[in-house]
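Okay, entry.txt now, which holds compact mmCIF, C-alpha atoms:
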```
# COMPACT_ATOMS: atom_id res chain seq x y z
CA MET A 26 26.23 100.87 137.96
CA TYR A 27 26.90 97.45 136.36
CA GLU A 28 24.41 98.14 133.53
CA TYR A 29 26.54 101.08 132.37
CA PHE A 30 29.54 98.77 132.10
CA VAL A 31 27.42 96.31 130.10
CA GLN A 32 26.38 99.10 127.75
CA ILE A 33 29.99 100.25 127.33
CA ALA A 34 31.07 96.68 126.49
CA ALA A 35 28.20 96.37 123.98
CA TRP A 36 29.12 99.64 122.22
CA GLY A 37 30.27 99.27 118.59
CA PRO A 38 33.90 100.36 119.03
CA SER A 39 34.26 98.09 122.09
CA LYS A 40 33.11 95.11 120.09
CA ALA A 41 35.31 96.07 117.16
CA ILE A 42 38.36 96.04 119.45
CA ASN A 43 37.38 92.64 120.79
CA GLU A 44 36.81 91.18 117.36
CA SER A 45 40.15 92.34 116.01
CA SER A 46 43.11 90.06 116.62
CA TRP A 47 45.64 92.89 116.81
CA ILE A 48 44.08 96.23 117.94
CA PHE A 49 44.02 95.32 121.64
CA ALA A 50 47.56 93.92 121.50
CA LEU A 51 49.02 97.03 119.86
CA VAL A 52 47.11 99.42 122.12
CA GLN A 53 48.44 97.50 125.14
CA ALA A 54 51.99 97.65 123.76
CA PHE A 55 51.84 101.43 123.27
CA HIS A 56 50.28 101.82 126.73
CA LEU A 57 53.57 100.35 128.01
CA VAL A 58 55.76 102.62 125.85
CA SER A 59 53.83 105.62 127.21
CA LEU A 60 54.38 104.18 130.69
CA GLY A 61 58.13 104.38 130.07
CA PHE A 62 57.91 108.09 129.22
CA LEU A 63 55.57 108.73 132.17
CA ALA A 64 57.92 106.97 134.60
CA GLY A 65 60.88 108.93 133.25
CA SER A 66 59.24 112.33 133.49
CA LEU A 67 58.12 111.56 137.06
CA LEU A 68 61.51 110.18 138.09
CA MET A 69 63.44 113.22 136.81
CA VAL A 70 61.68 115.38 139.39
CA ASP A 71 61.36 112.73 142.12
CA LEU A 72 65.10 111.94 141.99
CA ARG A 73 65.83 115.66 142.22
CA LEU A 74 63.47 115.93 145.22
CA LEU A 75 65.27 112.97 146.81
CA GLY A 76 68.55 114.86 146.42
CA ARG A 77 69.83 112.22 144.00
CA GLY A 78 70.81 114.39 141.13
CA PHE A 79 70.42 117.53 139.01
CA SER A 80 71.24 119.59 142.07
CA GLN A 81 73.08 122.17 139.94
CA GLN A 82 69.77 123.17 138.34
CA PRO A 83 66.97 124.82 140.32
CA LEU A 84 64.24 122.29 141.17
CA ALA A 85 61.61 124.37 139.37
CA THR A 86 63.73 124.30 136.19
CA VAL A 87 63.98 120.50 136.25
CA ALA A 88 60.22 120.30 136.89
CA ARG A 89 59.43 122.72 134.04
CA ASP A 90 61.58 120.67 131.65
CA ALA A 91 59.80 117.46 132.63
CA ARG A 92 56.31 118.96 132.47
CA PRO A 93 55.48 118.63 128.73
CA TRP A 94 56.62 114.99 128.81
CA LEU A 95 54.59 114.33 131.95
CA ILE A 96 51.43 115.83 130.45
CA GLY A 97 52.07 114.25 127.04
CA SER A 98 52.64 110.77 128.44
CA LEU A 99 49.56 111.04 130.70
CA VAL A 100 47.47 111.92 127.63
CA ALA A 101 48.99 108.95 125.77
CA MET A 102 48.25 106.68 128.75
CA VAL A 103 44.59 107.72 128.73
CA LEU A 104 44.31 107.40 124.93
CA THR A 105 45.71 103.85 125.07
CA GLY A 106 43.99 102.97 128.35
CA VAL A 107 40.40 103.84 127.45
CA PRO A 108 40.19 101.41 124.47
CA GLN A 109 41.38 98.59 126.73
CA PHE A 110 38.79 99.51 129.34
CA ILE A 111 35.80 99.77 127.00
CA SER A 112 36.51 96.43 125.32
CA LEU A 113 36.73 94.65 128.69
CA ALA A 114 34.29 96.83 130.66
CA THR A 115 32.28 94.02 132.27
CA LYS A 116 35.45 92.11 133.19
CA GLU A 117 37.04 95.24 134.66
CA TYR A 118 33.90 95.82 136.75
CA ASP A 119 34.57 92.55 138.56
CA SER A 120 38.31 93.03 138.93
CA PRO A 121 39.47 94.25 142.36
CA TYR A 122 42.79 95.25 140.75
CA PHE A 123 41.05 97.52 138.25
CA ARG A 124 39.22 99.25 141.11
CA TRP A 125 42.45 99.61 143.08
CA LYS A 126 44.23 100.94 140.01
CA MET A 127 41.56 103.59 139.37
CA LEU A 128 41.54 104.62 143.05
CA MET A 129 45.35 104.88 143.20
CA LEU A 130 45.38 106.70 139.85
CA LEU A 131 42.92 109.28 141.15
CA ILE A 132 44.96 109.82 144.33
CA ALA A 133 48.23 109.93 142.35
CA LEU A 134 46.85 112.53 139.91
CA ILE A 135 45.49 114.74 142.68
CA PHE A 136 48.74 114.43 144.64
CA THR A 137 50.89 115.17 141.56
CA PHE A 138 48.98 118.28 140.51
CA THR A 139 48.51 119.75 144.00
CA ILE A 140 51.07 118.95 146.71
CA ARG A 141 53.89 117.69 144.46
CA LYS A 142 53.43 120.56 142.03
CA ARG A 143 53.53 123.12 144.82
CA VAL A 144 56.73 121.66 146.27
CA ALA A 145 58.38 121.24 142.84
CA TYR A 146 57.74 124.83 141.73
CA ALA A 147 58.46 126.48 145.09
CA PRO A 148 61.42 128.86 145.38
CA GLU A 149 64.56 127.00 146.43
CA GLY A 150 64.62 126.38 150.18
CA ARG A 151 60.93 127.07 150.85
CA PHE A 152 60.37 123.43 151.78
CA GLY A 153 62.88 121.47 153.82
CA GLY A 154 64.74 118.38 152.67
CA ALA A 155 62.52 116.08 154.71
CA ILE A 156 59.33 117.38 153.06
CA SER A 157 60.87 117.14 149.57
CA LYS A 158 61.99 113.57 150.20
CA ALA A 159 58.60 112.56 151.60
CA VAL A 160 56.84 114.03 148.55
CA ALA A 161 59.17 112.12 146.20
CA LEU A 162 58.67 108.83 148.04
CA VAL A 163 54.87 109.24 148.12
CA SER A 164 54.90 110.08 144.39
CA ILE A 165 57.01 107.01 143.54
CA GLY A 166 54.87 104.82 145.81
CA LEU A 167 51.53 106.00 144.40
CA TRP A 168 52.53 105.69 140.74
CA THR A 169 54.20 102.31 141.32
CA SER A 170 51.01 100.98 142.87
CA VAL A 171 49.08 102.18 139.79
CA ALA A 172 51.47 100.22 137.56
CA ILE A 173 51.43 97.10 139.77
CA ASN A 174 47.63 96.95 139.92
CA GLY A 175 47.50 97.57 136.18
CA ARG A 176 49.68 94.56 135.50
CA LEU A 177 47.71 92.41 137.97
CA ILE A 178 44.39 93.09 136.16
CA GLY A 179 45.57 90.78 133.41
CA PHE A 180 46.45 87.91 135.74
CA PHE A 181 43.79 87.55 138.38
CA SER A 182 40.50 88.74 137.00
CA MET B 15 67.76 77.38 95.37
CA PHE B 16 68.80 78.07 98.86
CA ASP B 17 67.88 75.40 101.29
CA LEU B 18 68.40 76.98 104.66
CA ALA B 19 67.54 74.41 107.27
CA LEU B 20 67.38 77.04 109.97
CA ALA B 21 66.08 74.57 112.51
CA ASP B 22 69.35 72.62 112.14
CA TYR B 23 71.50 75.70 112.69
CA PHE B 24 69.61 76.49 115.86
CA ALA B 25 69.36 72.92 117.15
CA TRP B 26 71.95 73.64 119.85
CA LEU B 27 69.83 76.56 121.04
CA ARG B 28 66.73 74.44 121.28
CA SER B 29 68.58 71.70 123.16
CA PHE B 30 69.92 74.31 125.60
CA PHE B 31 66.40 75.62 126.24
CA GLU B 32 65.21 72.02 126.65
CA TYR B 33 68.01 71.41 129.16
CA VAL B 34 66.90 74.50 131.13
CA SER B 35 63.26 73.40 131.08
CA GLU B 36 64.20 70.13 132.77
CA ARG B 37 66.01 71.79 135.69
CA GLU B 38 64.28 71.47 139.02
CA THR B 39 64.24 75.26 139.52
CA SER B 40 62.60 75.72 136.12
CA ILE B 41 59.87 73.19 136.95
CA MET B 42 59.32 74.83 140.34
CA LEU B 43 58.91 78.28 138.75
CA ARG B 44 56.58 76.89 136.07
CA GLU B 45 54.34 75.14 138.55
CA SER B 46 54.14 77.96 141.07
CA GLN B 47 50.83 79.74 140.95
CA TYR B 48 51.87 83.08 142.41
CA VAL B 49 55.60 83.48 141.80
CA MET B 50 55.44 84.00 138.03
CA PRO B 51 52.74 86.72 138.04
CA TRP B 52 54.75 88.64 140.62
CA VAL B 53 57.95 88.24 138.60
CA PHE B 54 56.01 89.76 135.68
CA VAL B 55 54.96 92.64 137.95
CA LEU B 56 58.56 93.24 139.06
CA HIS B 57 59.69 93.04 135.42
CA VAL B 58 57.22 95.82 134.52
CA VAL B 59 58.24 97.97 137.50
CA SER B 60 61.97 97.60 136.64
CA MET B 61 61.12 98.36 133.03
CA CYS B 62 59.49 101.65 134.14
CA MET B 63 62.66 102.68 135.93
CA PHE B 64 64.95 101.51 133.13
CA ALA B 65 62.96 102.89 130.17
CA GLY B 66 62.15 106.05 132.11
CA THR B 67 65.75 106.95 132.87
CA ILE B 68 66.97 105.88 129.40
CA LEU B 69 64.24 107.80 127.53
CA MET B 70 64.82 111.01 129.51
CA MET B 71 68.51 110.87 128.55
CA ASP B 72 67.56 110.19 124.91
CA LEU B 73 65.24 113.22 124.83
CA ARG B 74 68.19 115.35 125.99
CA LEU B 75 70.36 113.83 123.24
CA LEU B 76 67.68 114.61 120.66
CA GLY B 77 67.55 118.18 121.93
CA VAL B 78 63.83 118.04 122.71
CA GLY B 79 63.72 117.52 126.47
CA ASN B 80 65.48 118.38 129.74
CA MET B 81 67.42 121.09 127.90
CA ALA B 82 68.09 123.17 131.03
CA THR B 83 70.55 120.51 132.20
CA PRO B 84 73.85 119.84 130.38
CA PHE B 85 73.91 116.37 128.80
CA SER B 86 76.87 115.23 130.88
CA GLN B 87 74.90 115.86 134.10
CA VAL B 88 71.79 114.10 132.84
CA GLN B 89 73.94 111.14 131.84
CA ARG B 90 75.99 111.01 135.03
CA ARG B 91 73.01 111.37 137.35
CA LEU B 92 70.81 108.84 135.59
CA PHE B 93 73.55 106.26 134.98
CA PRO B 94 73.43 104.47 138.37
CA TRP B 95 69.62 104.22 138.15
CA GLN B 96 69.83 102.91 134.61
CA MET B 97 72.31 100.24 135.68
CA ALA B 98 70.33 99.22 138.78
CA ALA B 99 67.12 99.04 136.74
CA MET B 100 68.88 97.07 134.00
CA PHE B 101 70.04 94.57 136.61
CA PHE B 102 66.50 94.05 137.96
CA SER B 103 64.96 93.91 134.46
CA ALA B 104 67.53 91.34 133.40
CA ALA B 105 67.16 89.26 136.58
CA THR B 106 63.35 89.16 136.38
CA GLY B 107 63.46 88.61 132.60
CA LEU B 108 65.88 85.72 133.04
CA ALA B 109 63.57 84.19 135.67
CA LEU B 110 60.62 84.43 133.24
CA VAL B 111 62.53 82.63 130.49
CA TRP B 112 64.05 80.16 132.96
CA GLY B 113 60.58 79.16 134.16
CA ASN B 114 59.07 78.69 130.70
CA PRO B 115 61.95 78.26 128.22
CA MET B 116 59.97 76.31 125.63
CA ASN B 117 57.46 79.19 125.36
CA TYR B 118 60.24 81.43 124.12
CA VAL B 119 62.64 79.34 122.06
CA THR B 120 60.37 79.22 118.98
CA ASN B 121 58.72 82.60 119.61
CA ILE B 122 59.71 84.98 116.79
CA ILE B 123 58.58 88.09 118.71
CA PHE B 124 60.77 87.11 121.67
CA TRP B 125 63.80 86.92 119.35
CA VAL B 126 62.89 90.28 117.79
CA LYS B 127 62.97 91.69 121.33
CA MET B 128 66.38 90.10 122.04
CA LEU B 129 67.76 91.42 118.72
CA ALA B 130 66.46 94.94 119.40
CA MET B 131 68.09 94.85 122.85
CA GLY B 132 71.39 93.81 121.30
CA ILE B 133 71.29 96.60 118.71
CA ALA B 134 70.30 99.12 121.40
CA GLY B 135 73.37 98.03 123.37
CA LEU B 136 75.62 98.48 120.32
CA ASN B 137 74.06 101.91 119.70
CA ALA B 138 74.90 102.95 123.27
CA LEU B 139 78.47 101.67 122.90
CA ALA B 140 78.90 103.46 119.56
CA PHE B 141 77.78 106.71 121.17
CA HIS B 142 80.09 106.14 124.12
CA PHE B 143 83.17 105.37 122.00
CA ILE B 144 82.62 107.78 119.10
CA THR B 145 80.19 110.68 119.56
CA GLU B 146 80.80 111.27 123.26
CA TYR B 147 84.35 112.51 122.49
CA THR B 148 82.83 115.64 120.93
CA LEU B 149 80.79 116.29 124.09
CA VAL B 150 82.73 119.38 125.19
CA ASP B 151 81.50 121.20 122.06
CA TRP B 152 77.78 120.80 122.73
CA ASP B 153 77.28 119.66 126.34
CA ALA B 154 75.25 122.64 127.57
CA GLY B 155 74.26 123.87 124.11
CA GLU B 156 70.89 124.27 122.50
CA THR B 157 71.19 121.69 119.74
CA PRO B 158 73.29 118.53 119.94
CA PRO B 159 75.08 117.49 116.71
CA PHE B 160 73.66 114.98 114.25
CA GLY B 161 75.57 112.06 115.78
CA ALA B 162 74.07 112.70 119.21
CA LYS B 163 70.56 113.11 117.79
CA LEU B 164 70.99 109.89 115.84
CA ALA B 165 72.07 108.01 118.98
CA GLY B 166 69.13 109.42 120.97
CA GLY B 167 66.55 108.79 118.25
CA LEU B 168 67.76 105.24 117.58
CA SER B 169 67.75 104.51 121.30
CA ILE B 170 64.12 105.65 121.68
CA LEU B 171 63.02 103.59 118.64
CA LEU B 172 64.95 100.49 119.73
CA TRP B 173 63.82 100.51 123.36
CA ALA B 174 60.22 101.22 122.31
CA ASN B 175 60.59 98.21 120.00
CA VAL B 176 61.84 96.14 122.98
CA ILE B 177 58.80 97.19 125.09
CA VAL B 178 56.30 96.62 122.26
CA ALA B 179 57.79 93.24 121.32
CA GLY B 180 57.89 92.27 125.00
CA ARG B 181 54.19 92.95 125.38
CA LEU B 182 53.40 91.12 122.13
CA ILE B 183 55.33 87.90 122.95
CA PRO B 184 52.17 86.02 124.03
CA TYR B 185 50.43 86.94 120.76
CA ALA B 186 53.06 85.22 118.60
CA LEU B 187 51.23 81.93 119.12
CA THR B 188 48.05 83.29 117.51
CA TRP B 189 49.73 85.40 114.82
CA PHE B 190 52.47 83.13 113.50
CA ARG B 191 52.92 79.48 112.89
CA THR B 192 56.25 78.51 114.40
CA TYR B 193 57.98 75.19 114.41
```
Encoded form using structure tokens:
Amino acid sequence: MYEYFVQIAAWGPSKAINESSWIFALVQAFHLVSLGFLAGSLLMVDLRLLGRGFSQQPLATVARDARPWLIGSLVAMVLTGVPQFISLATKEYDSPYFRWKMLMLLIALIFTFTIRKRVAYAPEGRFGGAISKAVALVSIGLWTSVAINGRLIGFFS
Amino acid sequence: MFDLALADYFAWLRSFFEYVSERETSIMLRESQYVMPWVFVLHVVSMCMFAGTILMMDLRLLGVGNMATPFSQVQRRLFPWQMAAMFFSAATGLALVWGNPMNYVTNIIFWVKMLAMGIAGLNALAFHFITEYTLVDWDAGETPPFGAKLAGGLSILLWANVIVAGRLIPYALTWFRTY
């Protein structure tokens, strides 16, 4: 497995990012701006699921409004995340926080596009308040742990 | 010729930052191995909540997002979260500067961030005191007026600038020569 990471790090574009004094910095900065949009589009629905707002609109309407921004910001996160990964591939391989981040990201994505999606688009009243609240809290918890591990990669690896 | 001895004008600022750096709490923060990284983590998490709730309101102002909900509801519902997140962002940000004041006082990107935050605040106040009075005309409507779009667009640009500058602060040392 490690040899693949070595090959990724040795790839031309990876080296180009490392040799530039500004590409990595700007990509990182826009990763964070995308994170803002991602957090917002998740929170709109999670706050509604928690019963903390937008209760005059059907849940599915709030979710449908947030959807293009959720998908768009996820795409932007990947587009700005991959260049960071390839330029530091061998370092990321050794980082426990990178591994945790990827694991939590996978779980968060699966949760968001299966269970959370089903609850968010269900007809009003299909799922009880307790289930809705649990889904919102799990969603917030999973995505927060992705962000926390992401920030920690830079400190302790 | 203009001879602007900027360093002299800002001498009081530097001496204030120097004063902070000599406080016992500042030294403790600086020398702690684990506290500062975790303050950074909390700063990022608060930023997510703050930027997230601000940006979603801005998209509604621009007329490009969350259009099924009247603006007044988006604003009212997000407001307490925006304020709570602003409090945590400010508290963790203050702790970061308090622990390493001399890293920031001559950092041009840090001051760009502070300036952008100030202008973003003025933009929000201008919207609140001017454009918001016309709210009844467009609250649930399809397209907000120019003033509302301007406020939303400026807010997105300014807060994105704050986030970008915040991330770039450590690079100022390699990109610029500062005195």
Exercise answer, chain A residues close to chain B, 8 Å and all atoms listed in the file, as a PyMOL selection string | chain A and resi 50-51+53-55+57-58+60-66+68-69+77-79+82+86-87+90-91+94+169+172-173+176-177+180
So which residues touch Phe181 of chain A within 12 Å, counting only C-alpha atoms, skipping near sequence neighbours fewer than 2 positions away, as a list in words?
->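 The filter keeps Lys116, Glu117, Asp119, Ser120, Pro121, Tyr122, Phe123, Asn174, Gly175, Arg176, Leu177, Ile178 and Gly179 of chain A; Gln47, Tyr48, Pro51 and Trp52 of chain B.
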Dump as an NGL selection string all residues having an atom at most 6 Å from (53.2, 113.2, 146.3), computed in the file's coordinates with only C-alpha atoms.
-> :A and (136-137 or 141 or 160 or 163-164)
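Distance annotation: of B:Gly132, B:Pro94, B:Gly107, B:Gly77, the residue with the minimal separation from Gly161 of chain B is B:Gly77; atom set is all atoms listed in the file.
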Could you check which of A:Gly154, A:Ser59, A:Met127, A:Leu167 is closest to Val100 of chain A, using only C-alpha atoms?
-> A:Ser59
Check the smallest atom-to-atom distance from each of A:Leu99, A:Ala161, A:Leu113, A:Ala147 to Ala41 of chain A using only C-alpha atoms, then report the winner.
->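 Closest to Ala41 of chain A, using only C-alpha atoms: A:Leu113.
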Which protein, DNA or RNA residues are at most 12 Å from (59.1, 80.8, 125.6) in the file's coordinates when you count only C-alpha atoms, listed as a ChimeraX atom specification?
-> /B:28,31-32,34-35,44,107-125,180,183-187,192
Would you please work out which residue, of A:Leu162, A:Pro38, A:Val171, A:Ser45, is nearest to Met102 of chain A when using all atoms listed in the file?
->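 Counting all atoms listed in the file, the residue closest to Met102 of chain A is A:Val171.
Pairwise distance (atom CA of Ala34 of chain A, atom CA of Leu128 of chain A) equals 21.1 Å.
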Can you tell me how far atom CA of Ser112 of chain A sits from atom CA of Asn43 of chain A, in Å to one decimal?
->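 According to the coordinates, atom CA of Ser112 of chain A and atom CA of Asn43 of chain A are separated by 6.0 Å.
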Which residues, written as a list in words, have at least one atom at most 7 Å from Leu76 of chain B, with only C-alpha atoms counted and residues fewer than 4 positions away on the same chain left out?
->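 The neighbour list is Asp72, Pro158, Ala162, Lys163, Gly166 and Gly167 of chain B.
The interatomic distance for the pair atom CA of Ser39 of chain A and atom CA of His56 of chain A works out to 17.1 Å.
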